[in-house]
Amino acid sequence: MTFQRPSRLGPVALLLGLIPLGNAAGEDCNRNAVADPEDIALGESQDCDSDGIPDECQLGNRDCNRNGVPDSCDVAGGGSLDCNGNGEPDECDVRRVLAFPAPVTYAVEQSPFSIPVADLDGDGDVDAVTANRGSGSVSVLFNRGDGRLVAPVSYSVGASPQAMQAVDLDGDEEVDLVAGNRISGDLSLLFNGGAGAFEPAVPLAAGSSPISIAPGDLDGDGELDLAVSACGDARLRVLLN
């Protein structure tokens with residue numbers, strides 16, 4: 001057996017070769033070649049919860065403030081406060097408070113009901129569009145680039161649009177619009193001619209009172225299809241592209 005030099009200062013010196021590493025599960029958890037009970041007894045490791053295991057071996061996700069002390073011991077010893085009593089130091093339990101400023105108001109047409117957002121003009125900024133239930137129109141508001149929107153451009157659609165989606169319907173990499181018109185019982189497709197300039201709405205029959213539209217490639221052919229639900233109906237309508 002080859003002995004290493006003593007590793008402890010003071011009156012007690014342990015010859016490391018005499019203490020086999022890992023001779024029992026958890027007996028040398030910090031791998032310093034000294035059995036855990038001896039480590040604690042010599043004061044080289046703390047055991048704040050008196051379970052016989054050095055604290056540094058029990059941290060894991062229990063040392064949220066990374067000060068080398070298990071959270072429970074940190075709180076119990078007064079090193080950290082725990083005002084809400086959840087066992088977690090308060091400095092780790094901060095919840096972000098959202099503080100919104102006063103709203104900026106933009107005039108659109110009557111009774112905007114649905115408001116999807118998307119990059120409609122391809123400039124990398126997110127724009128907004130409203131489905132105006134009371135005026136049978138949609139209003140497009142482009143983003144200046146700093147979150148401020150320009151005056152809306154409106155397009156006529158069917159009667160009482162309530163549902164609205166902003167998606168690339170024709171696969172030309174431009175974001176188009178589809179509105180679900182509750183009273184006229186159809187969809188209005190507005191294709192993007194580029195840079196957010198929309199063509200006149202094309203009506204598409206969808207059954208009575210469409211109020212929700214979900215786009216997706218339902219048949220796996222690479223084309224975007226539409227699933228439509230209606231008010232007062234017990235059926236789902238699927239329009240394959």
# chains A, B, ... in the order shown; residues from 1 in each chain; ligands from 1

call {"tool": "select_by_dssp", "arguments": {"residues": "segment 16-237 of chain A", "states": "strand (DSSP E or B)", "output": "PyMOL selection string"}}
result
chain A and resi 112-114+117-118+127-132+137-141+143+149+153-156+161-167+176-181+186-190+192+198+202-205+210-216+225-230+236-237

call {"tool": "write_last_selection", "arguments": {"atoms": "C-alpha atoms", "output": "mmCIF file, in the first residue's frame"}}
result
data_model
loop_
_atom_site.group_PDB
_atom_site.id
_atom_site.type_symbol
_atom_site.label_atom_id
_atom_site.label_comp_id
_atom_site.auth_asym_id
_atom_site.auth_seq_id
_atom_site.Cartn_x
_atom_site.Cartn_y
_atom_site.Cartn_z
ATOM 1 C CA PRO A 112 -62.553 45.522 -34.098
ATOM 2 C CA PHE A 113 -63.075 41.921 -33.020
ATOM 3 C CA SER A 114 -60.034 39.835 -33.945
ATOM 4 C CA VAL A 117 -50.208 40.153 -35.812
ATOM 5 C CA ALA A 118 -47.600 39.231 -38.434
ATOM 6 C CA ASP A 127 -47.647 44.569 -37.998
ATOM 7 C CA ALA A 128 -51.266 44.351 -36.855
ATOM 8 C CA VAL A 129 -54.582 43.792 -38.600
ATOM 9 C CA THR A 130 -58.096 44.053 -37.193
ATOM 10 C CA ALA A 131 -61.324 42.396 -38.296
ATOM 11 C CA ASN A 132 -63.927 45.123 -37.917
ATOM 12 C CA SER A 137 -63.767 45.527 -43.200
ATOM 13 C CA VAL A 138 -60.260 44.725 -42.082
ATOM 14 C CA SER A 139 -57.722 47.387 -41.120
ATOM 15 C CA VAL A 140 -53.988 46.907 -41.654
ATOM 16 C CA LEU A 141 -51.600 48.880 -39.431
ATOM 17 C CA ASN A 143 -45.176 48.983 -37.792
ATOM 18 C CA LEU A 149 -48.112 51.897 -35.954
ATOM 19 C CA VAL A 153 -55.378 50.954 -44.505
ATOM 20 C CA SER A 154 -58.800 49.306 -44.705
ATOM 21 C CA TYR A 155 -60.173 46.659 -47.078
ATOM 22 C CA SER A 156 -63.794 45.609 -47.517
ATOM 23 C CA PRO A 161 -66.027 39.603 -39.860
ATOM 24 C CA GLN A 162 -65.187 38.050 -36.521
ATOM 25 C CA ALA A 163 -62.445 35.493 -37.180
ATOM 26 C CA MET A 164 -59.151 36.494 -38.768
ATOM 27 C CA GLN A 165 -55.872 34.763 -39.615
ATOM 28 C CA ALA A 166 -52.686 36.152 -41.145
ATOM 29 C CA VAL A 167 -50.977 33.294 -43.051
ATOM 30 C CA ASP A 176 -52.112 36.867 -46.740
ATOM 31 C CA LEU A 177 -55.304 37.438 -44.763
ATOM 32 C CA VAL A 178 -58.440 35.350 -44.313
ATOM 33 C CA ALA A 179 -61.503 36.687 -42.542
ATOM 34 C CA GLY A 180 -64.527 34.714 -41.349
ATOM 35 C CA ASN A 181 -67.713 36.701 -41.905
ATOM 36 C CA ASP A 186 -68.355 33.091 -45.989
ATOM 37 C CA LEU A 187 -64.633 33.666 -45.832
ATOM 38 C CA SER A 188 -62.820 36.596 -47.415
ATOM 39 C CA LEU A 189 -59.361 35.856 -48.806
ATOM 40 C CA LEU A 190 -57.055 38.841 -49.243
ATOM 41 C CA ASN A 192 -50.738 39.977 -50.421
ATOM 42 C CA PHE A 198 -53.508 43.482 -50.482
ATOM 43 C CA VAL A 202 -62.106 36.986 -52.792
ATOM 44 C CA PRO A 203 -65.188 35.354 -51.182
ATOM 45 C CA LEU A 204 -65.138 31.663 -50.347
ATOM 46 C CA ALA A 205 -68.222 29.783 -49.185
ATOM 47 C CA PRO A 210 -68.017 31.145 -39.363
ATOM 48 C CA ILE A 211 -66.471 32.395 -36.135
ATOM 49 C CA SER A 212 -63.157 30.533 -35.901
ATOM 50 C CA ILE A 213 -60.513 29.658 -38.515
ATOM 51 C CA ALA A 214 -57.524 27.343 -38.083
ATOM 52 C CA PRO A 215 -54.969 27.101 -40.917
ATOM 53 C CA GLY A 216 -52.758 24.050 -41.433
ATOM 54 C CA ASP A 225 -55.833 24.175 -45.698
ATOM 55 C CA LEU A 226 -58.488 25.765 -43.508
ATOM 56 C CA ALA A 227 -60.645 24.335 -40.731
ATOM 57 C CA VAL A 228 -63.674 26.460 -39.912
ATOM 58 C CA SER A 229 -66.167 26.314 -37.063
ATOM 59 C CA ALA A 230 -69.501 28.109 -36.944
ATOM 60 C CA LEU A 236 -66.400 21.371 -38.369
ATOM 61 C CA ARG A 237 -65.877 22.423 -41.972
#

call {"tool": "select_by_dssp", "arguments": {"residues": "chain A", "states": "alpha helix (DSSP H)", "output": "list in words"}}
result
Asp36, Pro37, Glu38, Asp39, Ile40, Ala41, Asp71, Ser72, Cys73, Asp74, Val75 and Ala76 of chain A

call {"tool": "atom_distance", "arguments": {"atom1": "atom CA of Gly193 of chain A", "atom2": "atom CA of Arg148 of chain A"}}
result
23.6 Å

call {"tool": "residues_around", "arguments": {"residues": "Ala197 of chain A", "least_positions_apart": "6", "cutoff": "9 Å", "atoms": "only C-alpha atoms", "output": "list in words"}}
result
Leu120, Asp121 and Phe191 of chain A

call {"tool": "write_last_selection", "arguments": {"atoms": "N, CA and C atoms", "output": "short mmCIF file (atom, residue, chain, number, x, y, z; two decimals), in the first residue's frame"}}
result
data_model
loop_
_atom_site.label_atom_id
_atom_site.label_comp_id
_atom_site.auth_asym_id
_atom_site.auth_seq_id
_atom_site.Cartn_x
_atom_site.Cartn_y
_atom_site.Cartn_z
N LEU A 120 -46.46 41.77 -42.21
CA LEU A 120 -47.27 41.82 -43.43
C LEU A 120 -46.52 42.40 -44.62
N ASP A 121 -45.55 43.28 -44.38
CA ASP A 121 -44.86 43.93 -45.49
C ASP A 121 -43.42 43.45 -45.68
N PHE A 191 -55.22 38.37 -50.73
CA PHE A 191 -53.87 37.96 -51.08
C PHE A 191 -52.93 39.17 -51.08
#

call {"tool": "closest_residue", "arguments": {"among": "A:Leu239, A:Ala195, A:Val108, A:Cys231", "to": "Glu174 of chain A", "atoms": "only C-alpha atoms"}}
result
A:Ala195

call {"tool": "residues_around", "arguments": {"residues": "segment 66-82 of chain A", "least_positions_apart": "4", "cutoff": "7 Å", "atoms": "only C-alpha atoms", "output": "compact mmCIF listing (two decimals) with all heavy atoms, in the first residue's frame"}}
result
# COMPACT_ATOMS: atom_id res chain seq x y z
N CYS A 48 -25.22 21.31 7.99
CA CYS A 48 -26.19 22.17 8.67
C CYS A 48 -27.45 21.43 9.06
O CYS A 48 -28.13 21.81 10.02
CB CYS A 48 -26.52 23.38 7.81
SG CYS A 48 -27.45 22.99 6.31
N ASP A 49 -27.80 20.35 8.36
CA ASP A 49 -29.01 19.62 8.70
C ASP A 49 -28.74 18.35 9.49
O ASP A 49 -29.64 17.55 9.73
CB ASP A 49 -29.83 19.30 7.45
CG ASP A 49 -29.00 18.60 6.38
OD1 ASP A 49 -27.81 18.32 6.65
OD2 ASP A 49 -29.53 18.36 5.28
N ASP A 55 -22.61 19.30 3.36
CA ASP A 55 -23.58 20.13 2.65
C ASP A 55 -23.27 20.25 1.16
O ASP A 55 -24.19 20.28 0.33
CB ASP A 55 -23.64 21.53 3.26
CG ASP A 55 -24.23 21.52 4.66
OD1 ASP A 55 -24.89 20.52 5.02
OD2 ASP A 55 -24.02 22.51 5.39
N GLU A 56 -21.99 20.32 0.82
CA GLU A 56 -21.65 20.52 -0.59
C GLU A 56 -22.06 19.35 -1.48
O GLU A 56 -22.12 19.46 -2.70
CB GLU A 56 -20.15 20.79 -0.77
CG GLU A 56 -19.23 19.67 -0.35
CD GLU A 56 -18.74 19.81 1.08
OE1 GLU A 56 -19.46 20.44 1.89
OE2 GLU A 56 -17.66 19.29 1.38
N GLN A 58 -24.98 17.95 -1.17
CA GLN A 58 -26.45 17.94 -1.22
C GLN A 58 -27.03 19.17 -1.90
O GLN A 58 -28.21 19.42 -1.79
CB GLN A 58 -27.00 17.86 0.21
CG GLN A 58 -26.65 16.57 0.91
CD GLN A 58 -27.29 16.51 2.27
OE1 GLN A 58 -27.05 17.37 3.12
NE2 GLN A 58 -28.10 15.50 2.50
N LEU A 59 -26.20 19.90 -2.60
CA LEU A 59 -26.68 21.14 -3.19
C LEU A 59 -27.61 20.88 -4.36
O LEU A 59 -28.81 21.08 -4.28
CB LEU A 59 -25.50 22.03 -3.60
CG LEU A 59 -24.62 22.49 -2.42
CD1 LEU A 59 -23.49 23.35 -2.93
CD2 LEU A 59 -25.44 23.24 -1.40
N ARG A 62 -30.67 22.68 -4.91
CA ARG A 62 -31.08 23.22 -3.61
C ARG A 62 -30.22 24.39 -3.17
O ARG A 62 -30.27 24.79 -2.01
CB ARG A 62 -31.02 22.11 -2.57
CG ARG A 62 -31.96 20.94 -2.83
CD ARG A 62 -31.68 19.81 -1.86
NE ARG A 62 -31.76 20.25 -0.47
CZ ARG A 62 -31.19 19.58 0.52
NH1 ARG A 62 -30.50 18.49 0.30
NH2 ARG A 62 -31.30 20.03 1.76
N ASN A 86 -41.88 29.42 1.57
CA ASN A 86 -41.88 28.31 0.61
C ASN A 86 -40.58 27.52 0.62
O ASN A 86 -40.38 26.65 -0.21
CB ASN A 86 -42.18 28.82 -0.81
CG ASN A 86 -41.07 29.68 -1.39
OD1 ASN A 86 -40.15 30.08 -0.66
ND2 ASN A 86 -41.14 29.96 -2.67
N GLY A 87 -39.69 27.84 1.58
CA GLY A 87 -38.44 27.10 1.69
C GLY A 87 -37.36 27.55 0.72
O GLY A 87 -36.28 26.97 0.69
N GLU A 88 -37.64 28.59 -0.04
CA GLU A 88 -36.67 29.07 -1.02
C GLU A 88 -36.26 30.48 -0.65
O GLU A 88 -37.10 31.34 -0.35
CB GLU A 88 -37.33 29.07 -2.41
CG GLU A 88 -36.41 29.47 -3.53
CD GLU A 88 -37.07 29.31 -4.89
OE1 GLU A 88 -37.73 28.28 -5.10
OE2 GLU A 88 -36.94 30.22 -5.73
N PRO A 89 -34.95 30.76 -0.63
CA PRO A 89 -34.50 32.12 -0.29
C PRO A 89 -35.19 33.16 -1.18
O PRO A 89 -35.37 32.94 -2.38
CB PRO A 89 -33.00 32.07 -0.56
CG PRO A 89 -32.62 30.64 -0.31
CD PRO A 89 -33.80 29.86 -0.83
N ASP A 90 -35.56 34.27 -0.57
CA ASP A 90 -36.33 35.28 -1.30
C ASP A 90 -35.59 35.79 -2.52
O ASP A 90 -36.23 36.12 -3.53
CB ASP A 90 -36.67 36.45 -0.37
CG ASP A 90 -37.70 36.08 0.67
OD1 ASP A 90 -38.38 35.05 0.50
OD2 ASP A 90 -37.82 36.81 1.67

call {"tool": "atom_distance", "arguments": {"atom1": "atom CA of Val238 of chain A", "atom2": "atom CA of Glu199 of chain A"}}
result
24.2 Å

call {"tool": "atom_distance", "arguments": {"atom1": "atom CA of Gly136 of chain A", "atom2": "atom CA of Gly207 of chain A"}}
result
17.6 Å

call {"tool": "residues_around", "arguments": {"residues": "Gly52 of chain A", "least_positions_apart": "5", "cutoff": "12 Å", "atoms": "only C-alpha atoms", "output": "VMD selection string"}}
result
chain A and resid 26 to 29 35 to 41 45 to 47 57 to 58

call {"tool": "write_last_selection", "arguments": {"atoms": "N, CA, C and O atoms", "output": "PDB file, in the first residue's frame"}}
result
ATOM      1  N   GLY A  26     -21.910   7.006  -0.347  1.00  0.00           N
ATOM      2  CA  GLY A  26     -21.994   8.347   0.198  1.00  0.00           C
ATOM      3  C   GLY A  26     -20.957   8.646   1.245  1.00  0.00           C
ATOM      4  O   GLY A  26     -20.946   9.731   1.814  1.00  0.00           O
ATOM      5  N   GLU A  27     -20.024   7.708   1.533  1.00  0.00           N
ATOM      6  CA  GLU A  27     -19.102   7.935   2.638  1.00  0.00           C
ATOM      7  C   GLU A  27     -18.003   8.925   2.291  1.00  0.00           C
ATOM      8  O   GLU A  27     -17.393   9.509   3.181  1.00  0.00           O
ATOM      9  N   ASP A  28     -17.739   9.171   1.016  1.00  0.00           N
ATOM     10  CA  ASP A  28     -16.788  10.208   0.616  1.00  0.00           C
ATOM     11  C   ASP A  28     -17.379  10.972  -0.567  1.00  0.00           C
ATOM     12  O   ASP A  28     -16.840  10.992  -1.665  1.00  0.00           O
ATOM     13  N   CYS A  29     -18.509  11.610  -0.325  1.00  0.00           N
ATOM     14  CA  CYS A  29     -19.279  12.195  -1.418  1.00  0.00           C
ATOM     15  C   CYS A  29     -18.552  13.320  -2.120  1.00  0.00           C
ATOM     16  O   CYS A  29     -18.750  13.546  -3.309  1.00  0.00           O
ATOM     17  N   ALA A  35     -13.360  10.202   4.788  1.00  0.00           N
ATOM     18  CA  ALA A  35     -14.727   9.766   5.019  1.00  0.00           C
ATOM     19  C   ALA A  35     -15.580  10.934   5.504  1.00  0.00           C
ATOM     20  O   ALA A  35     -15.105  11.792   6.260  1.00  0.00           O
ATOM     21  N   ASP A  36     -16.820  10.960   5.078  1.00  0.00           N
ATOM     22  CA  ASP A  36     -17.700  12.088   5.377  1.00  0.00           C
ATOM     23  C   ASP A  36     -17.806  12.399   6.869  1.00  0.00           C
ATOM     24  O   ASP A  36     -17.714  13.568   7.264  1.00  0.00           O
ATOM     25  N   PRO A  37     -18.006  11.422   7.754  1.00  0.00           N
ATOM     26  CA  PRO A  37     -18.103  11.755   9.182  1.00  0.00           C
ATOM     27  C   PRO A  37     -16.850  12.448   9.706  1.00  0.00           C
ATOM     28  O   PRO A  37     -16.929  13.372  10.516  1.00  0.00           O
ATOM     29  N   GLU A  38     -15.671  11.988   9.250  1.00  0.00           N
ATOM     30  CA  GLU A  38     -14.430  12.618   9.681  1.00  0.00           C
ATOM     31  C   GLU A  38     -14.344  14.036   9.130  1.00  0.00           C
ATOM     32  O   GLU A  38     -13.889  14.972   9.808  1.00  0.00           O
ATOM     33  N   ASP A  39     -14.765  14.193   7.886  1.00  0.00           N
ATOM     34  CA  ASP A  39     -14.753  15.499   7.238  1.00  0.00           C
ATOM     35  C   ASP A  39     -15.558  16.505   8.051  1.00  0.00           C
ATOM     36  O   ASP A  39     -15.126  17.639   8.277  1.00  0.00           O
ATOM     37  N   ILE A  40     -16.729  16.074   8.495  1.00  0.00           N
ATOM     38  CA  ILE A  40     -17.604  16.945   9.275  1.00  0.00           C
ATOM     39  C   ILE A  40     -17.028  17.185  10.661  1.00  0.00           C
ATOM     40  O   ILE A  40     -17.014  18.314  11.165  1.00  0.00           O
ATOM     41  N   ALA A  41     -16.508  16.111  11.276  1.00  0.00           N
ATOM     42  CA  ALA A  41     -15.967  16.233  12.630  1.00  0.00           C
ATOM     43  C   ALA A  41     -14.780  17.180  12.678  1.00  0.00           C
ATOM     44  O   ALA A  41     -14.591  17.908  13.659  1.00  0.00           O
ATOM     45  N   SER A  45     -15.958  20.272   6.404  1.00  0.00           N
ATOM     46  CA  SER A  45     -17.228  20.384   5.705  1.00  0.00           C
ATOM     47  C   SER A  45     -18.321  20.689   6.715  1.00  0.00           C
ATOM     48  O   SER A  45     -18.262  20.247   7.870  1.00  0.00           O
ATOM     49  N   GLN A  46     -19.314  21.445   6.276  1.00  0.00           N
ATOM     50  CA  GLN A  46     -20.450  21.757   7.140  1.00  0.00           C
ATOM     51  C   GLN A  46     -21.551  20.718   6.935  1.00  0.00           C
ATOM     52  O   GLN A  46     -21.686  20.120   5.873  1.00  0.00           O
ATOM     53  N   ASP A  47     -22.342  20.529   7.989  1.00  0.00           N
ATOM     54  CA  ASP A  47     -23.496  19.622   7.928  1.00  0.00           C
ATOM     55  C   ASP A  47     -24.645  20.303   8.655  1.00  0.00           C
ATOM     56  O   ASP A  47     -25.011  19.953   9.762  1.00  0.00           O
ATOM     57  N   CYS A  57     -22.358  18.209  -0.838  1.00  0.00           N
ATOM     58  CA  CYS A  57     -22.802  17.044  -1.609  1.00  0.00           C
ATOM     59  C   CYS A  57     -24.318  17.038  -1.812  1.00  0.00           C
ATOM     60  O   CYS A  57     -24.837  16.169  -2.515  1.00  0.00           O
ATOM     61  N   GLN A  58     -24.982  17.951  -1.174  1.00  0.00           N
ATOM     62  CA  GLN A  58     -26.450  17.943  -1.221  1.00  0.00           C
ATOM     63  C   GLN A  58     -27.026  19.169  -1.897  1.00  0.00           C
ATOM     64  O   GLN A  58     -28.211  19.422  -1.795  1.00  0.00           O
TER      65      GLN A  58
END
